[in-house]
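Novice: My questions will all concern the structure given below.
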Number of protein chains: 4
Amino acid sequence: MSNKIKLGFVGGGNDSLIGVLHKVAAVMFDRYDLIGGVFSSNKEVNVKTANDLGLDQSRIYNDFEEMIDAESKIDLSEKIEAVCILTPNFLHFPMAKKFLENGFHVICEKPLSISLKQAQELKSIKDSKNLVFAVTHTYTGYPMVRQMTQMISQGIIGDIQRVDSTYFQGWINDIIHDKDKRNSTWRLNPEVSGISSCLADIGTHAFNMLELVCGMKVKKILADLNNLYEDNPLDIDVSVLVRMENGCKGTIRSTQIATGLENNLNISVYGSKGSLSWEQENPNYLYYYTNDKPLQILKPGHPYNSKISLDGTKLPAGHPEGIFDAMGNIYRGVARAIRGEKNEKGEFPTIEEGVRGMDFIEKAVESNENGNIWLELE
Amino acid sequence: MSNKIKLGFVGGGNDSLIGVLHKVAAVMFDRYDLIGGVFSSNKEVNVKTANDLGLDQSRIYNDFEEMIDAESKIDLSEKIEAVCILTPNFLHFPMAKKFLENGFHVICEKPLSISLKQAQELKSIKDSKNLVFAVTHTYTGYPMVRQMTQMISQGIIGDIQRVDSTYFQGWINDIIHDKDKRNSTWRLNPEVSGISSCLADIGTHAFNMLELVCGMKVKKILADLNNLYEDNPLDIDVSVLVRMENGCKGTIRSTQIATGLENNLNISVYGSKGSLSWEQENPNYLYYYTNDKPLQILKPGHPYNSKISLDGTKLPAGHPEGIFDAMGNIYRGVARAIRGEKNEKGEFPTIEEGVRGMDFIEKAVESNENGNIWLELE
Amino acid sequence: MSNKIKLGFVGGGNDSLIGVLHKVAAVMFDRYDLIGGVFSSNKEVNVKTANDLGLDQSRIYNDFEEMIDAESKIDLSEKIEAVCILTPNFLHFPMAKKFLENGFHVICEKPLSISLKQAQELKSIKDSKNLVFAVTHTYTGYPMVRQMTQMISQGIIGDIQRVDSTYFQGWINDIIHDKDKRNSTWRLNPEVSGISSCLADIGTHAFNMLELVCGMKVKKILADLNNLYEDNPLDIDVSVLVRMENGCKGTIRSTQIATGLENNLNISVYGSKGSLSWEQENPNYLYYYTNDKPLQILKPGHPYNSKISLDGTKLPAGHPEGIFDAMGNIYRGVARAIRGEKNEKGEFPTIEEGVRGMDFIEKAVESNENGNIWLELE
Amino acid sequence: MSNKIKLGFVGGGNDSLIGVLHKVAAVMFDRYDLIGGVFSSNKEVNVKTANDLGLDQSRIYNDFEEMIDAESKIDLSEKIEAVCILTPNFLHFPMAKKFLENGFHVICEKPLSISLKQAQELKSIKDSKNLVFAVTHTYTGYPMVRQMTQMISQGIIGDIQRVDSTYFQGWINDIIHDKDKRNSTWRLNPEVSGISSCLADIGTHAFNMLELVCGMKVKKILADLNNLYEDNPLDIDVSVLVRMENGCKGTIRSTQIATGLENNLNISVYGSKGSLSWEQENPNYLYYYTNDKPLQILKPGHPYNSKISLDGTKLPAGHPEGIFDAMGNIYRGVARAIRGEKNEKGEFPTIEEGVRGMDFIEKAVESNENGNIWLELE
């Protein structure tokens, strides 16, 4: 009998952008069988998706509560063990909560919830159970992000003395300058999206990446948010001053109004002996600077990389890896954790990182509302 | 009942580099179910792979002939319809031949065979049946290769007046300078690899890419091959002068001794109104030059791209696509062809392209052996 | 008789890094004759430099006051008209003051002075005379900076909605971590360098570039400075939040501890219709982003550029221009102003920009000392 | 008295593109005084140029013969010692010949002449005199070309096993497709331009660069030229197979029909231990590849570079050097040779290299005319 993890989806139907990413990631290393779930709140899409996937209709449900009830009655050898939550942000919390309470491992899209309090509650439930909880900061799965993290933890660039993490997009530009559009999009509706747009959607990625690669927490922040229009209640452009645990300074910047930019998540860490820089849009290049040697560019798949960086590379060097590979690596880490196999820190982003992200969002908004003051993260 | 294509593998087991690429490509668009096959000539690996994949052991076979016999007796609704041939080069021909003769669609790794004659025989069999035959020139599946092909066919760069296609690698360097290694590797053993190393392994990709994006045949070639050592019987470095159908000139260059280079397949086409250039290692950038406007760089996922280029992009622009996406697109094209759905020229490389590639290899070797003379392709 | 401007140097001798840059810039467009001056406070170097240059020894002086006295007695047709001040920062003010008072045009290295008060006094003197005063923010002379400025002023990228200007270097890293070195370098000695290291040396370039290309003033700033060690009295790492005149937000960042980075001055301006980005180390590329068209890269020398961008390009497109070309362009602008010829805004940085720079430095230090508060520039 | 070399120009007037490059290069290191010459065959331009330069009108001549006569009568301490020939190609030979015969050092634009025979005659005259003769293959003056040459000569990349040198431009595209234009431009008129357009204008640069950096001669070539139209008598597109002295193979490619390309001179040398690659349009980056370490990118001004590479860098690393710096370095090398100072091989291109270039052009044309046969260079 296969030792694959039986996986269910909530969301991710044919009408979803993100479903395919999770589906492919799940099969990449033969660790999961997609069994069923609720692919869409639209019944037709739900059934159609299951059909396209060739799934057993008996494992397709109308909603997540029905799914939990039904699956809970299924024999352990057949029952869905882990669930992938791909629904709108405000649904993450109630769904994840109930899945956890009923013993399901959870892979949840970010942001983890729409408040820090919710996030902490989820963490508390998770901690009380022997379950795995992953938050899909997908970009952390790239081989060269893993290599960067390893090199920093090994002291190769010395003490960290400056950090800069950015995530620049331009897509909201087409919406924000049109009064009707900006007042009607769910993205800028606090009831659906919570207290933040840009911070919650992409700023948290920049924050998470920073803490991950530095192996160090952000201690306090001073945030400057921009809504651009008075009738827009949410931030769409963010500059944050940061102070790291070790006292070093730097910035986190994220924006949705950098016209023409696509998905520019970049992280640069400057140390006393060297610096490292990485860009999401060219993920297979890691730039390593020193003061006395030529610039070096590391690429995936070479023996000079660390074990965890090499772990997910499937083909010889020079075959470009993309976003699917990054997510595939994360899914493998989660599988190892679920099966109790050895897995290294950094193989997948955990609920702790989800909680940190919510803390960052709330403090940034509070800092901005209070005239750009310094606030400590918890 | 699912409309997915029932797929079998020959080769591609856990001990194979290439298996994972085909496996992931097959699931990417929900068009295939992997049913079984012969994953390895090593029985243990064969069974282990099937187990890892969670396949039904009754559909795992000891060899391809057993597989054909058994599958042919299975009810049409359950029978494997298409087979993916991932074995060493000299096995492509006998396997593909028998699968075709028994009514299976074939997806075959390149090179199609080890002689032009074999390739032509396969094509002749294929033409006599109502079957689909794909040769996996994977790199043709990238969105920006498709966009480049479309732009050229639409006349955007005018008449083609110069072409350059290259594929540079450096890996053989670690073998070629060691007499023992170069005399023992199967790569340089004509009995296993046929009459060519570099041409057959990567030169054909450069040739195929050139004919694809130009929408035009190479008319004749003059080839200069380099074996580097007298005791090495096969080419490891190649420069070819080409003359295209329309009379324009250019080069195909491929090498395995470009120390430090990984997988540099590049294609540049210079037209009377503009030029286009693309590199496999940075596949999401298409460079478009004109004499009077700024350089333009096209990227996947934008509405300014053609329909066939946008076809395979699954996430918003700025999420890097890699080699898995390229192969996924090819698999989708094959699925459409098998199911008789509309599919555009260029969605996957056909057996015609495999035959062309074998012709190129043989003529290049012949040109070189005769003192670098011009030879026409058939 | 030649209409060239008779130029004198103060500083810039054979023992100076910067002298050659000014000397070559001065001859590039045949607008200046270097007549004499004080090349060094070291008499031997002074004489040697004059000899190497083939200058008349009678026009070489021991100090700038002797130079002013002597030159003032020379017939107008022979007298030095303009002086280039290349001495240490704290000497800029007394020298520039006296040259202005005695009717010499001044080309002064940045920073203009070591206090805002000094800078304002210089401006006041300059305004009372009919003289030209240039501050050599050299990087503003690059063709693509001029093109960027023009495109923004013409509204091509719409309303500016975010700005980021950075200047990253890593050289001080070799000094800062050694207690003896950091306590002995003049760079970090307030008596010689004034109240700032990083801001004064490179932060002002980032600030100046930002105001130049935006055609708009920075309204207020909130600065976070880092000295790294308690026994270091001056900033070596800077992050500044900015608010522009039009209300848009952004950052200025400069650092001397970005290990391995050389001279990374970059400016990005994001507008409602498009964005522009430029990097000093690759000065011949201007990146122009929009949401609906491919990225465009503009290069010098093409007719699609504006007149002021094309003004300084001497060879056909594709011949790289470097820092010497940038300074040459500035010198030409100054010559035109001295001769009363038509010259466009932006052809050279004026004393107004020098004053702005000093204001920026002082306010940034004050903001930091007061707990990172917002301060308005004058 | 100044020890500067007294320099004369023939050509290079205000109506010339190239004059400014030579003028600035000459002053860059204080080694030359421009005294006079014949700036243009147009008398008005000639006088105007001299005036703009502030030169003594008595040293301005109507033609080069008058110049030689007059200068020969001037006292040695005042006489022009070296002459810079910037006239159309067919004038290089008669002028250089007479200047040499009358004892002037010569700096001559490439191509050296319009036939190999002429070139050899010049070399023979030069060899019989104690004179310096430089041919301005400007691009060889870049610091990173010098570094590449040094690294290869030191064996850092091992034995050379493949070479590729290219020079791609697109400018002729605007002329070639218009019958009137292509039949009237002097560029394609054999009476003015000799037997070649593309080879003579840029192919020789690619050839010269190849022999320089490899420190090795091209032994034989097989050339394929393209005139594109039957009524165009000269090559505008070239592909050449080469065999180096050590037996290694490779290509030289140059074209004027690569639409949109500007001045893409690139050289790549692949060795048994490593590879090096350099591009003229981004001249401050030298790419160094090995099979087991990350890609390294060397930049000018760093102590890790060789002495000859560092020689011409005037400012700290990160201040981009351009084409003017390259030519300045060559002029300094020539000055050292004229003054009998120590100068290293490679500091400037000599007449030997000019002769080699003419041999290359003639053999390439002959190879093409005879059906693309192999021909040995002399």
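Lettering and numbering for the structure tokens are positional, with chains as A, B, ... in the shown order, residues counted from 1 in each chain, and ligands counted from 1 in the shown order.
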Quick one: everything within 10 Å of D:Pro190, counting only C-alpha atoms, minus sequence neighbours fewer than 4 positions away in the same chain. Send it as number ranges by chain.
Specialist: D: 114, 186, 194-197, 232-234
Novice: Please, could you write that set of residues out with N, CA and C atoms as a tab-separated table (two decimals), in the first residue's frame?
Specialist:
```tsv
chain	number	residue	atom	x	y	z
D	114	ILE	N	44.11	49.19	-47.87
D	114	ILE	CA	43.05	48.46	-48.57
D	114	ILE	C	43.57	47.20	-49.26
D	186	TRP	N	29.21	54.99	-50.20
D	186	TRP	CA	30.64	54.70	-50.41
D	186	TRP	C	31.04	53.42	-49.67
D	194	GLY	N	37.51	49.15	-51.03
D	194	GLY	CA	38.29	47.94	-51.25
D	194	GLY	C	37.40	46.73	-51.42
D	195	ILE	N	37.92	45.55	-51.10
D	195	ILE	CA	37.22	44.31	-51.45
D	195	ILE	C	36.21	43.86	-50.42
D	196	SER	N	36.04	44.61	-49.34
D	196	SER	CA	35.15	44.14	-48.29
D	196	SER	C	34.49	45.28	-47.54
D	197	SER	N	33.29	45.07	-47.09
D	197	SER	CA	32.62	46.03	-46.21
D	197	SER	C	32.67	45.54	-44.77
D	232	ASN	N	24.87	44.20	-54.90
D	232	ASN	CA	25.80	44.69	-53.88
D	232	ASN	C	27.11	43.91	-53.99
D	233	PRO	N	28.21	44.58	-54.31
D	233	PRO	CA	29.46	43.86	-54.59
D	233	PRO	C	30.21	43.43	-53.33
D	234	LEU	N	29.83	43.92	-52.17
D	234	LEU	CA	30.64	43.66	-50.97
D	234	LEU	C	29.89	42.89	-49.90
```
Novice: Up to 9 Å from chain D, what residues of chain C turn up? Count only C-alpha atoms and give them as a PyMOL selection string.
Specialist: chain C and resi 1-4+17-18+20-21+23-25+27-31+33+51-55+261-264+280-283+314-325
Novice: Skip C:Leu76 itself and residues of its chain fewer than 4 positions away, then list as a short mmCIF file (atom, residue, chain, number, x, y, z; two decimals) with C-alpha atoms, in the first residue's frame all residues within 12 Å of it, counting only C-alpha atoms.
Specialist:
```
data_model
loop_
_atom_site.label_atom_id
_atom_site.label_comp_id
_atom_site.auth_asym_id
_atom_site.auth_seq_id
_atom_site.Cartn_x
_atom_site.Cartn_y
_atom_site.Cartn_z
CA ILE C 5 37.34 79.62 -20.98
CA LYS C 6 40.54 80.07 -19.04
CA GLU C 71 45.35 86.53 -11.35
CA SER C 72 43.37 89.63 -10.47
CA ILE C 80 41.79 82.80 -15.28
CA GLU C 81 38.01 83.19 -15.44
CA GLY C 103 34.76 87.59 -9.64
CA PHE C 104 35.70 84.03 -10.56
#
```
Novice: Need the shell around stretch 244-258 of chain B: protein/DNA/RNA residues with any atom at most 7 Å away, counting only C-alpha atoms. Skip same-chain ones fewer than 5 positions apart. Format as JSON, numbers by chain?
Specialist: {"B": [160, 161, 162, 163, 164, 165, 166, 167, 168, 169, 170, 171, 172, 173, 198, 202, 203, 206, 207, 216, 217, 218, 219, 236, 237, 238, 239], "D": [239, 270, 275]}
Novice: Write out as a VMD selection string each polymer residue whose atoms come within 8 Å of B:Thr87, counting only C-alpha atoms; drop sequence neighbours fewer than 4 positions from it.
Specialist: chain B and resid 10 to 12 91 to 92 109
Novice: Quick one: pick out all helix (DSSP H, G or I) residues within stretch 57-306 of chain B from a backbone DSSP run and write them as a PyMOL selection string.
Specialist: chain B and resi 57-59+64-72+89-101+116-128+138-141+143-153+173-176+179-184+186-188+190-193+198-214
Novice: List the neighbours of C:Gly37 out to 8 Å using only C-alpha atoms; skip same-chain residues closer than 6 positions along the sequence, and give me the result as a PDB file with C-alpha atoms, in the first residue's frame.
Specialist:
```
ATOM      1  CA  GLY C   8      42.334  77.321 -12.952  1.00  0.00           C
ATOM      2  CA  PHE C   9      42.520  74.378 -10.592  1.00  0.00           C
ATOM      3  CA  VAL C  10      42.734  74.364  -6.832  1.00  0.00           C
ATOM      4  CA  ARG C  59      50.649  80.677 -13.371  1.00  0.00           C
ATOM      5  CA  ILE C  60      51.339  78.168 -10.623  1.00  0.00           C
ATOM      6  CA  TYR C  61      50.742  79.449  -7.114  1.00  0.00           C
ATOM      7  CA  PHE C  64      44.618  80.066  -3.452  1.00  0.00           C
ATOM      8  CA  MET C  67      46.431  82.862  -6.902  1.00  0.00           C
TER       9      MET C  67
END
```
Novice: Enter the distance from atom CA of D:Ala200 to atom CA of D:Glu121, in Å, rounded to one decimal.
Specialist: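 Answer for the atom CA of D:Ala200 to atom CA of D:Glu121 separation: 18.5 Å.
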Novice: I'd like the neighbourhood of stretch 367-376 of chain C as a PyMOL selection string, where a residue qualifies if any of its atoms comes within 10 Å (using only C-alpha atoms), though same-chain residues fewer than 6 positions away should be ignored.
Specialist: (chain A and resi 222+371-374) or (chain C and resi 218-226+238+240-243+359-361)
